[in-house]
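Enquirer: My structure is stored as work.cif, with mmCIF, C-alpha atoms (C1' of nucleotides).
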data_work
loop_
_atom_site.label_atom_id
_atom_site.label_comp_id
_atom_site.auth_asym_id
_atom_site.auth_seq_id
_atom_site.Cartn_x
_atom_site.Cartn_y
_atom_site.Cartn_z
CA MET R 1 115.98 17.99 135.17
CA VAL R 2 115.38 20.17 138.22
CA ARG R 3 115.02 23.85 137.41
CA ALA R 4 117.42 26.21 139.03
CA GLY R 5 114.79 28.88 139.56
CA LEU R 6 116.61 31.66 137.78
CA THR R 7 115.17 35.14 137.73
CA THR R 8 116.73 38.42 136.70
CA GLU R 9 116.50 39.52 140.31
CA ARG R 10 118.36 36.52 141.69
CA LEU R 11 120.98 36.69 138.98
CA VAL R 12 121.72 40.34 139.61
CA ARG R 13 121.91 39.77 143.35
CA ALA R 14 124.30 36.86 142.85
CA GLY R 15 126.24 38.95 140.37
CA ALA R 16 126.69 41.63 143.03
CA GLU R 17 128.00 39.06 145.50
CA LEU R 18 130.32 37.75 142.84
CA ALA R 19 131.57 41.28 142.25
CA ASP R 20 132.39 41.67 145.93
CA GLU R 21 134.32 38.41 145.85
CA VAL R 22 136.27 38.64 142.62
CA GLY R 23 135.96 42.27 141.54
CA PHE R 24 133.39 43.99 139.37
CA GLU R 25 135.48 43.73 136.22
CA GLN R 26 135.77 39.99 136.68
CA VAL R 27 132.03 39.46 136.80
CA THR R 28 131.25 37.25 133.86
CA LEU R 29 128.21 35.37 132.66
CA SER R 30 130.27 32.18 132.73
CA ALA R 31 131.13 32.62 136.39
CA LEU R 32 127.52 33.44 137.19
CA ALA R 33 126.29 30.34 135.34
CA ARG R 34 128.78 28.20 137.23
CA ARG R 35 127.44 29.57 140.48
CA PHE R 36 123.93 28.40 139.59
CA ASP R 37 125.20 25.19 138.00
CA VAL R 38 123.51 26.10 134.78
CA LYS R 39 124.62 26.55 131.19
CA VAL R 40 125.65 30.04 130.17
CA ALA R 41 123.08 30.28 127.41
CA SER R 42 120.33 29.89 129.98
CA LEU R 43 121.17 33.27 131.44
CA TYR R 44 120.20 34.96 128.21
CA SER R 45 116.55 34.35 128.99
CA HIS R 46 116.89 36.68 131.96
CA LEU R 47 119.62 39.10 130.91
CA LYS R 48 120.15 40.80 127.59
CA ASN R 49 123.91 40.26 127.66
CA SER R 50 126.87 40.69 129.95
CA GLY R 51 126.63 44.47 129.74
CA ASP R 52 123.05 44.28 130.88
CA LEU R 53 124.15 42.33 133.95
CA LYS R 54 126.75 44.94 134.83
CA THR R 55 124.30 47.77 134.37
CA ARG R 56 121.81 46.07 136.66
CA ILE R 57 124.47 45.43 139.30
CA ALA R 58 125.41 49.10 139.12
CA GLN R 59 121.80 50.14 139.59
CA LEU R 60 121.40 47.75 142.51
CA ALA R 61 124.49 49.14 144.20
CA LEU R 62 123.39 52.74 143.67
CA ARG R 63 120.02 51.88 145.18
CA GLU R 64 121.51 50.16 148.20
CA LEU R 65 123.92 53.01 148.78
CA ALA R 66 121.19 55.61 148.48
CA ASP R 67 119.01 53.68 150.91
CA ARG R 68 121.74 53.57 153.51
CA ALA R 69 122.60 57.21 153.00
CA ALA R 70 118.97 58.20 153.42
CA ASP R 71 118.80 56.28 156.69
CA ALA R 72 121.98 57.89 157.93
CA LEU R 73 120.81 61.39 157.06
CA ALA R 74 117.49 61.09 158.85
CA GLY R 75 117.43 63.50 161.74
CA ARG R 76 120.90 64.88 161.16
CA ALA R 77 122.16 68.24 159.95
CA GLY R 78 125.37 70.19 159.59
CA LYS R 79 128.64 68.45 160.26
CA ASP R 80 126.77 65.56 161.79
CA ALA R 81 125.00 64.93 158.50
CA LEU R 82 128.19 65.42 156.52
CA THR R 83 130.15 62.80 158.43
CA ALA R 84 127.27 60.33 158.59
CA PHE R 85 126.84 60.57 154.83
CA ALA R 86 130.56 60.27 154.19
CA ASP R 87 130.84 57.28 156.47
CA VAL R 88 128.06 55.50 154.63
CA TYR R 89 130.02 55.82 151.41
CA ARG R 90 133.27 54.67 152.91
CA ASP R 91 131.76 51.83 154.90
CA TYR R 92 129.79 50.58 151.94
CA ALA R 93 132.86 50.64 149.73
CA ARG R 94 134.89 48.70 152.25
CA ALA R 95 132.17 46.16 152.94
CA HIS R 96 131.23 45.77 149.28
CA PRO R 97 134.18 46.72 147.08
CA GLY R 98 132.74 45.07 143.99
CA ARG R 99 129.40 46.78 144.36
CA TYR R 100 131.13 50.08 145.03
CA ALA R 101 133.17 49.66 141.85
CA ALA R 102 129.88 48.97 140.11
CA THR R 103 128.55 52.39 141.14
CA ARG R 104 131.31 53.91 138.99
CA HIS R 105 130.26 51.85 135.98
CA PRO R 106 129.31 54.21 133.12
CA LEU R 107 125.57 54.12 132.49
CA THR R 108 123.70 55.13 129.39
CA PRO R 109 121.49 58.19 129.91
CA GLU R 110 118.42 55.94 130.15
CA ALA R 111 120.05 53.58 132.65
CA ALA R 112 121.26 56.56 134.65
CA ALA R 113 117.80 58.07 134.69
CA ALA R 114 116.39 54.79 136.01
CA SER R 115 119.04 54.69 138.73
CA ALA R 116 119.27 56.18 142.20
CA GLY R 117 121.79 58.74 140.93
CA GLY R 118 119.27 61.50 141.38
CA ARG R 119 118.71 60.59 145.02
CA HIS R 120 122.43 60.84 145.67
CA ALA R 121 122.55 64.30 144.18
CA ALA R 122 119.52 65.40 146.18
CA MET R 123 121.00 64.12 149.43
CA THR R 124 124.29 65.89 148.83
CA ARG R 125 122.41 69.14 148.35
CA ALA R 126 120.38 68.43 151.47
CA ILE R 127 123.59 68.24 153.46
CA LEU R 128 124.70 71.56 152.10
CA ARG R 129 121.55 73.19 153.44
CA GLY R 130 123.32 73.05 156.77
CA TYR R 131 125.90 75.45 155.37
CA ASP R 132 125.33 78.85 153.94
CA LEU R 133 126.03 78.45 150.26
CA ALA R 134 124.19 80.12 147.40
CA GLU R 135 124.46 79.06 143.77
CA PRO R 136 126.79 78.59 142.01
CA ASP R 137 128.92 77.89 145.08
CA GLN R 138 126.55 75.17 146.16
CA THR R 139 127.20 73.28 142.94
CA HIS R 140 130.94 73.74 143.33
CA ALA R 141 130.59 72.30 146.83
CA VAL R 142 128.55 69.35 145.59
CA ARG R 143 131.34 68.57 143.17
CA LEU R 144 133.98 68.96 145.85
CA LEU R 145 132.18 66.55 148.16
CA GLY R 146 131.70 64.02 145.40
CA SER R 147 135.37 64.29 144.47
CA VAL R 148 136.66 63.87 148.01
CA PHE R 149 134.38 60.98 148.90
CA HIS R 150 134.94 59.10 145.70
CA GLY R 151 138.62 59.97 145.53
CA TYR R 152 139.40 58.99 149.08
CA VAL R 153 137.42 55.79 148.98
CA SER R 154 138.89 54.64 145.72
CA LEU R 155 142.46 55.44 146.71
CA GLU R 156 141.91 53.65 150.01
CA LEU R 157 140.39 50.65 148.28
CA ALA R 158 143.36 50.51 145.94
CA GLY R 159 145.54 50.18 149.01
CA GLY R 160 146.99 53.66 148.77
CA PHE R 161 146.80 54.42 152.48
CA SER R 162 147.56 51.07 154.00
CA HIS R 163 150.86 50.09 155.53
CA SER R 164 151.74 53.67 156.33
CA ALA R 165 151.16 55.89 159.31
CA PRO R 166 148.97 57.57 160.22
CA ASP R 167 146.01 55.30 160.18
CA SER R 168 143.54 55.77 157.33
CA GLN R 169 140.69 56.25 159.81
CA GLU R 170 142.59 59.14 161.35
CA SER R 171 143.07 60.83 157.98
CA TRP R 172 139.43 60.32 157.11
CA THR R 173 138.31 62.01 160.33
CA ARG R 174 140.67 64.93 159.86
CA ILE R 175 139.72 65.34 156.21
CA LEU R 176 136.05 65.51 157.17
CA ASP R 177 136.95 68.12 159.78
CA ALA R 178 138.75 70.10 157.11
CA LEU R 179 135.85 69.72 154.70
CA ASP R 180 133.40 70.95 157.31
CA ALA R 181 135.60 73.97 157.95
CA THR R 182 135.88 74.63 154.23
CA LEU R 183 132.11 74.59 153.80
CA ARG R 184 131.58 76.90 156.78
CA ASN R 185 134.11 79.37 155.41
CA TRP R 186 133.67 78.97 151.68
CA PRO R 187 135.96 81.51 150.04
CA GLY R 188 134.17 84.32 148.15
CA ASP R 189 135.28 85.58 144.73
CA MET P 1 158.70 38.60 104.80
CA VAL P 2 159.53 42.11 106.01
CA ARG P 3 159.96 42.42 109.77
CA ALA P 4 157.72 44.83 111.58
CA GLY P 5 160.46 46.04 113.90
CA LEU P 6 158.67 45.31 117.14
CA THR P 7 160.27 46.23 120.42
CA THR P 8 158.82 46.31 123.90
CA GLU P 9 159.25 50.08 123.88
CA ARG P 10 157.31 50.59 120.66
CA LEU P 11 154.59 48.19 121.73
CA VAL P 12 154.06 49.93 125.04
CA ARG P 13 153.96 53.33 123.40
CA ALA P 14 151.43 52.11 120.84
CA GLY P 15 149.49 50.47 123.64
CA ALA P 16 149.26 53.81 125.42
CA GLU P 17 147.93 55.47 122.26
CA LEU P 18 145.46 52.65 121.89
CA ALA P 19 144.33 53.20 125.48
CA ASP P 20 143.65 56.86 124.76
CA GLU P 21 141.60 55.91 121.73
CA VAL P 22 139.53 52.98 122.99
CA GLY P 23 139.97 53.03 126.76
CA PHE P 24 142.52 51.34 128.96
CA GLU P 25 140.31 48.36 129.72
CA GLN P 26 139.87 47.69 126.02
CA VAL P 27 143.59 47.48 125.36
CA THR P 28 144.16 44.00 124.10
CA LEU P 29 147.05 42.12 122.57
CA SER P 30 144.86 41.37 119.58
CA ALA P 31 144.18 45.03 118.95
CA LEU P 32 147.85 45.86 119.37
CA ALA P 33 148.87 43.12 116.93
CA ARG P 34 146.34 44.43 114.39
CA ARG P 35 147.89 47.87 114.70
CA PHE P 36 151.29 46.50 113.74
CA ASP P 37 149.82 44.10 111.18
CA VAL P 38 151.40 41.22 112.97
CA LYS P 39 150.15 37.98 114.51
CA VAL P 40 149.25 38.08 118.17
CA ALA P 41 151.71 35.36 119.10
CA SER P 42 154.55 37.55 117.85
CA LEU P 43 153.96 39.98 120.70
CA TYR P 44 154.87 37.33 123.23
CA SER P 45 158.51 37.71 122.30
CA HIS P 46 158.41 41.25 123.66
CA LEU P 47 155.76 41.11 126.37
CA LYS P 48 155.18 38.48 129.01
CA ASN P 49 151.40 38.59 128.58
CA SER P 50 148.56 41.07 128.41
CA GLY P 51 148.95 41.98 132.08
CA ASP P 52 152.57 42.83 131.44
CA LEU P 53 151.49 45.23 128.71
CA LYS P 54 149.04 46.98 131.01
CA THR P 55 151.59 47.27 133.78
CA ARG P 56 154.08 48.83 131.39
CA ILE P 57 151.50 51.28 130.08
CA ALA P 58 150.71 52.26 133.66
CA GLN P 59 154.37 52.86 134.40
CA LEU P 60 154.77 54.90 131.24
CA ALA P 61 151.80 57.08 132.15
CA LEU P 62 153.03 57.60 135.72
CA ARG P 63 156.42 58.63 134.36
CA GLU P 64 154.94 61.06 131.83
CA LEU P 65 152.67 62.58 134.45
CA ALA P 66 155.51 62.95 136.94
CA ASP P 67 157.67 64.62 134.29
CA ARG P 68 155.00 67.16 133.49
CA ALA P 69 154.29 67.80 137.14
CA ALA P 70 157.97 68.36 137.84
CA ASP P 71 158.16 70.89 135.01
CA ALA P 72 155.08 72.68 136.28
CA LEU P 73 156.36 72.86 139.83
CA ALA P 74 159.74 74.34 138.90
CA GLY P 75 159.99 77.83 140.34
CA ARG P 76 156.55 77.84 141.92
CA ALA P 77 155.39 77.76 145.51
CA GLY P 78 152.24 78.12 147.60
CA LYS P 79 148.94 78.36 145.83
CA ASP P 80 150.73 78.89 142.56
CA ALA P 81 152.37 75.49 142.89
CA LEU P 82 149.14 73.89 144.06
CA THR P 83 147.14 75.00 141.04
CA ALA P 84 149.91 74.29 138.56
CA PHE P 85 150.24 70.76 139.92
CA ALA P 86 146.50 70.21 139.95
CA ASP P 87 146.16 71.50 136.39
CA VAL P 88 148.82 69.10 135.18
CA TYR P 89 146.77 66.20 136.52
CA ARG P 90 143.52 67.42 135.07
CA ASP P 91 144.98 68.40 131.70
CA TYR P 92 146.81 65.11 131.36
CA ALA P 93 143.67 63.18 132.17
CA ARG P 94 141.64 65.08 129.62
CA ALA P 95 144.28 64.86 126.91
CA HIS P 96 145.09 61.21 127.61
CA PRO P 97 142.12 59.54 129.27
CA GLY P 98 143.39 56.04 128.58
CA ARG P 99 146.80 56.76 130.00
CA TYR P 100 145.22 58.44 133.00
CA ALA P 101 143.08 55.39 133.61
CA ALA P 102 146.28 53.37 133.38
CA THR P 103 147.78 55.31 136.29
CA ARG P 104 145.00 53.83 138.45
CA HIS P 105 145.86 50.30 137.38
CA PRO P 106 146.83 48.24 140.45
CA LEU P 107 150.54 47.45 140.44
CA THR P 108 152.35 44.71 142.27
CA PRO P 109 154.70 46.02 144.96
CA GLU P 110 157.68 45.44 142.65
CA ALA P 111 156.05 47.18 139.70
CA ALA P 112 155.02 50.04 141.98
CA ALA P 113 158.55 50.38 143.31
CA ALA P 114 159.86 50.61 139.74
CA SER P 115 157.28 53.29 138.91
CA ALA P 116 157.22 57.05 139.29
CA GLY P 117 154.80 56.73 142.19
CA GLY P 118 157.43 57.88 144.63
CA ARG P 119 158.07 61.06 142.64
CA HIS P 120 154.37 61.91 142.79
CA ALA P 121 154.34 61.54 146.56
CA ALA P 122 157.47 63.64 146.90
CA MET P 123 156.04 66.42 144.75
CA THR P 124 152.81 66.52 146.71
CA ARG P 125 154.79 66.97 149.90
CA ALA P 126 156.90 69.64 148.23
CA ILE P 127 153.75 71.63 147.53
CA LEU P 128 152.74 71.37 151.15
CA ARG P 129 155.99 73.01 152.19
CA GLY P 130 154.31 76.22 151.09
CA TYR P 131 151.79 75.71 153.87
CA ASP P 132 152.46 75.35 157.54
CA LEU P 133 151.62 71.75 158.29
CA ALA P 134 153.44 69.46 160.68
CA GLU P 135 153.03 65.70 160.76
CA PRO P 136 150.64 63.98 160.93
CA ASP P 137 148.57 66.77 159.41
CA GLN P 138 150.85 66.88 156.41
CA THR P 139 150.03 63.28 155.62
CA HIS P 140 146.33 63.95 156.04
CA ALA P 141 146.72 66.83 153.61
CA VAL P 142 148.61 64.67 151.11
CA ARG P 143 145.71 62.25 151.19
CA LEU P 144 143.18 65.02 150.82
CA LEU P 145 144.95 66.44 147.78
CA GLY P 146 145.24 63.02 146.19
CA SER P 147 141.56 62.36 146.83
CA VAL P 148 140.36 65.65 145.42
CA PHE P 149 142.54 65.54 142.32
CA HIS P 150 141.81 61.95 141.51
CA GLY P 151 138.17 62.19 142.50
CA TYR P 152 137.45 65.33 140.52
CA VAL P 153 139.30 64.19 137.44
CA SER P 154 137.68 60.80 137.37
CA LEU P 155 134.19 62.13 137.94
CA GLU P 156 134.75 64.72 135.23
CA LEU P 157 136.10 62.10 132.85
CA ALA P 158 133.05 59.94 133.51
CA GLY P 159 130.95 62.85 132.34
CA GLY P 160 129.65 63.74 135.76
CA PHE P 161 129.98 67.49 135.37
CA SER P 162 129.13 67.97 131.73
CA HIS P 163 125.84 69.28 130.44
CA SER P 164 125.12 71.17 133.62
CA ALA P 165 125.87 74.65 134.83
CA PRO P 166 128.18 75.93 136.08
CA ASP P 167 131.04 75.07 133.83
CA SER P 168 133.43 72.38 135.08
CA GLN P 169 136.36 74.77 134.69
CA GLU P 170 134.64 77.19 137.03
CA SER P 171 134.13 74.52 139.69
CA TRP P 172 137.71 73.40 139.35
CA THR P 173 139.00 76.90 139.96
CA ARG P 174 136.75 77.43 142.95
CA ILE P 175 137.61 74.05 144.42
CA LEU P 176 141.31 74.86 144.19
CA ASP P 177 140.59 78.18 145.91
CA ALA P 178 138.80 76.28 148.66
CA LEU P 179 141.61 73.77 148.92
CA ASP P 180 144.18 76.53 149.25
CA ALA P 181 142.14 78.15 152.01
CA THR P 182 141.77 74.79 153.76
CA LEU P 183 145.50 74.22 153.73
CA ARG P 184 146.21 77.73 155.01
CA ASN P 185 143.74 77.28 157.86
CA TRP P 186 144.07 73.59 158.60
CA PRO P 187 141.82 72.89 161.59
CA GLY P 188 143.67 71.87 164.76
CA ASP P 189 142.55 69.02 167.00
"C1'" DC X 1 181.80 35.80 101.57
"C1'" DT X 2 179.86 31.98 103.97
"C1'" DC X 3 178.10 29.60 107.56
"C1'" DA X 4 176.34 29.31 112.35
"C1'" DT X 5 173.74 31.61 115.69
"C1'" DT X 6 170.43 34.52 117.36
"C1'" DT X 7 166.26 36.75 116.87
"C1'" DG X 8 161.71 37.95 114.78
"C1'" DC X 9 157.70 36.52 113.31
"C1'" DC X 10 154.95 32.63 111.82
"C1'" DT X 11 151.38 28.50 112.05
"C1'" DA X 12 148.78 25.59 114.87
"C1'" DA X 13 146.17 24.43 118.68
"C1'" DA X 14 144.07 24.56 123.44
"C1'" DT X 15 141.29 27.21 126.59
"C1'" DG X 16 137.79 30.41 127.93
"C1'" DC X 17 134.06 34.11 127.51
"C1'" DT X 18 130.10 35.93 124.64
"C1'" DT X 19 126.24 35.55 121.89
"C1'" DT X 20 122.59 33.56 118.83
"C1'" DA X 21 119.49 29.90 117.01
"C1'" DG X 22 116.67 26.47 117.79
"C1'" DG X 23 115.09 22.41 120.59
"C1'" DT X 24 113.21 19.71 124.64
"C1'" DA X 25 111.46 19.40 129.18
"C1'" DT X 26 108.80 21.29 132.86
"C1'" DC X 27 105.39 24.09 134.97
"C1'" DT X 28 100.58 26.43 135.09
"C1'" DC X 29 96.04 26.49 134.93
"C1'" DC X 30 91.79 25.67 132.48
"C1'" DG D 1 94.78 15.74 131.39
"C1'" DG D 2 96.21 18.71 127.85
"C1'" DA D 3 97.64 23.53 125.80
"C1'" DG D 4 100.55 26.99 126.09
"C1'" DA D 5 104.12 29.52 128.35
"C1'" DT D 6 108.42 29.24 130.43
"C1'" DA D 7 113.02 27.34 131.86
"C1'" DC D 8 116.85 25.35 130.51
"C1'" DC D 9 119.43 22.76 127.04
"C1'" DT D 10 122.70 21.61 122.83
"C1'" DA D 11 125.27 23.36 119.14
"C1'" DA D 12 128.02 26.50 116.90
"C1'" DA D 13 130.40 30.75 115.61
"C1'" DG D 14 133.34 34.66 116.94
"C1'" DC D 15 137.05 36.67 119.36
"C1'" DA D 16 140.95 37.10 123.11
"C1'" DT D 17 144.78 34.68 125.56
"C1'" DT D 18 148.55 31.73 125.79
"C1'" DT D 19 151.99 28.04 124.62
"C1'" DA D 20 154.80 25.08 121.50
"C1'" DG D 21 157.43 24.52 117.83
"C1'" DG D 22 159.24 26.09 113.09
"C1'" DC D 23 161.16 28.82 109.17
"C1'" DA D 24 163.39 32.99 107.67
"C1'" DA D 25 165.94 37.18 108.21
"C1'" DA D 26 169.61 39.66 110.46
"C1'" DT D 27 174.20 39.40 112.63
"C1'" DG D 28 178.85 38.50 113.15
"C1'" DA D 29 183.11 35.34 113.13
"C1'" DG D 30 186.38 33.27 110.52
#
In structure tokens, write the structure found in this file.

Expert:
Amino acid sequence: MVRAGLTTERLVRAGAELADEVGFEQVTLSALARRFDVKVASLYSHLKNSGDLKTRIAQLALRELADRAADALAGRAGKDALTAFADVYRDYARAHPGRYAATRHPLTPEAAAASAGGRHAAMTRAILRGYDLAEPDQTHAVRLLGSVFHGYVSLELAGGFSHSAPDSQESWTRILDALDATLRNWPGD
Amino acid sequence: MVRAGLTTERLVRAGAELADEVGFEQVTLSALARRFDVKVASLYSHLKNSGDLKTRIAQLALRELADRAADALAGRAGKDALTAFADVYRDYARAHPGRYAATRHPLTPEAAAASAGGRHAAMTRAILRGYDLAEPDQTHAVRLLGSVFHGYVSLELAGGFSHSAPDSQESWTRILDALDATLRNWPGD
DNA sequence: CTCATTTGCCTAAATGCTTTAGGTATCTCC
DNA sequence: GGAGATACCTAAAGCATTTAGGCAAATGAG
């Protein structure tokens, strides 16, 4: 009986790949066990349960996304930083739809605290340093950016913008232009 | 043996209520059968399968949302129409989180064609008539509005803006102000 | 009113995912 | 080489989905 060499790490990584292939919601311990040619019960030595797997995939995806965003932000400011950051989100979602869906998986407060969520928030605020926004407008702007990025990416992923002119890339560019303009001229009270 | 009086209509309506209570993803034929005190197999006379139920709940929610939006838009234009429309989305999502989640359920092309999706698109374009946008900018703006509304509402529903100042309502208002300004001063090429 | 038909709901059973309990085989390292 | 830890297993129970086939209640025609 040759051991499969399971570890939590490998299982989560394979789970993330599975998510990209079949969708995050379809990630199941059974499918994961099949992939390692192992009985389902064996996974329970490495994962608490199926929810644990999903939580770990979510945390992995948040980490990967934050890493890429940090790279993209290095040495950039203003609109340059804004578009680089936005593109990281969109590109990641298109390259890894299952992982991106995982980043929207609800986390318990503890799981959220152990995630890269905080880094995302910090980076968004870093971008806004290139614009002249004092609190509470800065927080409103953080929420606007989060809404537009997440909203656009998830509508695009759902196929909302395909098969209709103009090209989604064109809209994305123009929306980022508009967002930049909005941040430069944030309306006062 | 008294009959329960099942109909597709009643089942879908109850399914929507169930979605609001336990979440759209947790809507199951078993749970629905329990609610009517009926065996699961009995539902198959009225629904093709569990996917059929979810599709029908999605269509119901899209219809309800379109009806409310149409009411809200009547007699309004410009920013007034924009905020009324936006508020309908947000209020519906907060009052009926399960139904709102259902509106994001992927539909087959046929199911989408039979849905109120077209009315939503038409209403969004109607709002933009209050602003001076020619194609293709109008389409970019439609996509921006969709992204912001959906993105904000889903982040808020996921708890993203709770337990932190400023109030979510405040951000919503200021984001709509910013959106109105963006549409009035849409950046040219 | 009665009988035939349709319709509504049932039982039964197969399949698949999740989870726990407890066992055997394989590695590690002294 | 043997002790102990670790990796993976079998077995079984619980719950959701789906299909097949059956009895009973409603419906309507004569």

Enquirer: How would you write, as a list of chain:residue names, the residues chosen by the PyMOL selection byres ((chain D and resi 20) around 12) on this structure?

Expert: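 That selection, the PyMOL selection byres ((chain D and resi 20) around 12), comes back as P:Ala41, X:DT11, X:DA12, X:DA13, X:DA14, D:DT18, D:DT19, D:DG21, D:DG22.
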
Enquirer: Using only C-alpha atoms (C1' of nucleotides), pick whichever of X:DT2, X:DT7, X:DT15, X:DT28 has the shortest atom-to-atom distance to chain P.

Expert: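 Among the listed residues, the smallest separation from chain P belongs to X:DT7.
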
Enquirer: For the atom pair CA of Ala134 in chain R and CA of Ser162 in chain P, what is the interatomic distance in Å to one decimal place?

Expert: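 A separation of 20.4 Å between them.
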
Enquirer: Applied to the shown file, which residues does the PyMOL selection byres ((chain X) within 9 of (chain P)) return, written as a list in words?

Expert: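 Against this file, the PyMOL selection byres ((chain X) within 9 of (chain P)) returns the residues DG8, DC9 and DC10 of chain X.
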
Enquirer: With C-alpha atoms (C1' of nucleotides) retained, write the just-selected residues as a CSV table (one decimal), in the coordinates of the input.

Expert:
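Produced file selection_11.csv, reproduced below:
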chain,number,residue,atom,x,y,z
X,8,DG,C1',161.7,38.0,114.8
X,9,DC,C1',157.7,36.5,113.3
X,10,DC,C1',155.0,32.6,111.8

Enquirer: What's the separation between CA of Glu64 in chain R and CA of Gly130 in chain R, in Å to one decimal place?

Expert: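 One can read the CA of Glu64 in chain R to CA of Gly130 in chain R distance as 24.5 Å.
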
Enquirer: Could you list, with a cut-off of 10 Å and counting only C-alpha atoms, the residues of chain P near chain R, each shown with its nearest atom pair and the distance in Å rounded to one decimal, rows sorted by chain and ascending number, as a tab-separated table?

Expert:
residue	atom	partner	partner_atom	distance
P:Glu25	CA	R:Glu25	CA	9.3
P:Arg104	CA	R:Ala158	CA	8.4
P:His105	CA	R:Ala158	CA	8.9
P:Pro106	CA	R:Ala158	CA	6.9
P:Leu107	CA	R:Ala158	CA	9.5
P:Glu135	CA	R:Pro166	CA	9.1
P:Pro136	CA	R:Pro166	CA	6.7
P:Asp137	CA	R:Arg174	CA	8.1
P:Gln138	CA	R:Ser171	CA	10.0
P:Thr139	CA	R:Pro166	CA	7.4
P:His140	CA	R:Ser171	CA	4.9
P:Ala141	CA	R:Ile175	CA	7.6
P:Val142	CA	R:Ser171	CA	9.6
P:Arg143	CA	R:Tyr152	CA	7.4
P:Leu144	CA	R:Ile175	CA	6.4
P:Leu145	CA	R:Val148	CA	8.7
P:Gly146	CA	R:Gly151	CA	7.3
P:Ser147	CA	R:Gly151	CA	4.0
P:Val148	CA	R:Val148	CA	4.9
P:Phe149	CA	R:Gly151	CA	7.5
P:His150	CA	R:Gly151	CA	5.5
P:Gly151	CA	R:Gly151	CA	3.8
P:Tyr152	CA	R:Ser147	CA	4.6
P:Val153	CA	R:Ser147	CA	8.1
P:Ser154	CA	R:Ser147	CA	8.2
P:Leu155	CA	R:Ser147	CA	7.0
P:Glu156	CA	R:Ser147	CA	9.3
P:Ala158	CA	R:Pro106	CA	6.9
P:Gly159	CA	R:Pro106	CA	8.8
P:Gly160	CA	R:Arg143	CA	9.0
P:Phe161	CA	R:Arg143	CA	8.0
P:Ser164	CA	R:Thr139	CA	9.8
P:Ala165	CA	R:Pro136	CA	8.2
P:Pro166	CA	R:Pro136	CA	6.6
P:Asp167	CA	R:His140	CA	9.6
P:Ser168	CA	R:His140	CA	8.7
P:Glu170	CA	R:His140	CA	8.1
P:Ser171	CA	R:His140	CA	4.9
P:Trp172	CA	R:His140	CA	7.9
P:Thr173	CA	R:His140	CA	9.3
P:Arg174	CA	R:His140	CA	6.9
P:Ile175	CA	R:Leu144	CA	6.4
P:Leu176	CA	R:Leu144	CA	9.6
P:Asp177	CA	R:Pro187	CA	7.0
P:Ala178	CA	R:Pro187	CA	6.1
P:Leu179	CA	R:Thr182	CA	7.9
P:Asp180	CA	R:Pro187	CA	9.6
P:Ala181	CA	R:Pro187	CA	7.3
P:Thr182	CA	R:Thr182	CA	5.9
P:Leu183	CA	R:Ala178	CA	8.6
P:Asn185	CA	R:Ala178	CA	8.8
P:Trp186	CA	R:Ala178	CA	6.5
P:Pro187	CA	R:Ala178	CA	6.1
P:Gly188	CA	R:Arg174	CA	9.0
P:Asp189	CA	R:Arg174	CA	8.4

Enquirer: Taking the file above as input, evaluate the PyMOL selection byres ((chain X and resi 26) around 8) and report the hits as a VMD selection string.

Expert: (chain X and resid 25 27) or (chain D and resid 7)

Enquirer: Which residue out of D:DA26, D:DA16, D:DT10, D:DA3 has the minimum interatomic distance to chain R when all atoms listed in the file are used?

Expert: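 Ranking D:DA26, D:DA16, D:DT10, D:DA3 by distance to chain R, first place goes to D:DT10.
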
Enquirer: Compare P:Leu133, P:Ala16, P:Ala126, P:Leu11 by their minimum atom-to-atom distance to Gln59 in chain P, counting all atoms listed in the file, and give me the closest one.

Expert: P:Ala16

Enquirer: Looking at D:DG1, D:DG30, D:DT17, D:DA11, which one is nearest to chain R, with distances taken over all atoms listed in the file?

Expert: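 Of D:DG1, D:DG30, D:DT17, D:DA11, the one nearest chain R is D:DA11, counting all atoms listed in the file.
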
Enquirer: List as a list in words the residues having at least one atom at most 10 Å from position (180.9, 37.8, 109.6) as given in the file, counting all atoms listed in the file.

Expert: DC1, DT2 and DC3 of chain X; DT27, DG28, DA29 and DG30 of chain D

Enquirer: Here's a test: counting only C-alpha atoms (C1' of nucleotides), identify every protein, DNA and RNA residue with an atom at most 12 Å from (127.3, 39.7, 122.7) in the file's coordinate frame, and state them as a list of chain:residue names.

Expert: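 It turns out the residues near that spot are R:Leu29, R:Ala41, R:Tyr44, R:Leu47, R:Lys48, R:Asn49, R:Ser50, R:Gly51, R:Asp52, R:Leu53, X:DC17, X:DT18, X:DT19, X:DT20, D:DA13, D:DG14, D:DC15.
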
Enquirer: Any chance you could export the current selection's C-alpha atoms (C1' of nucleotides) as a short mmCIF file (atom, residue, chain, number, x, y, z; two decimals), in the frame of the given file?

Expert:
data_model
loop_
_atom_site.label_atom_id
_atom_site.label_comp_id
_atom_site.auth_asym_id
_atom_site.auth_seq_id
_atom_site.Cartn_x
_atom_site.Cartn_y
_atom_site.Cartn_z
CA LEU R 29 128.21 35.37 132.66
CA ALA R 41 123.08 30.28 127.41
CA TYR R 44 120.20 34.96 128.21
CA LEU R 47 119.62 39.10 130.91
CA LYS R 48 120.15 40.80 127.59
CA ASN R 49 123.91 40.26 127.66
CA SER R 50 126.87 40.69 129.95
CA GLY R 51 126.63 44.47 129.74
CA ASP R 52 123.05 44.28 130.88
CA LEU R 53 124.15 42.33 133.95
"C1'" DC X 17 134.06 34.11 127.51
"C1'" DT X 18 130.10 35.93 124.64
"C1'" DT X 19 126.24 35.55 121.89
"C1'" DT X 20 122.59 33.56 118.83
"C1'" DA D 13 130.40 30.75 115.61
"C1'" DG D 14 133.34 34.66 116.94
"C1'" DC D 15 137.05 36.67 119.36
#
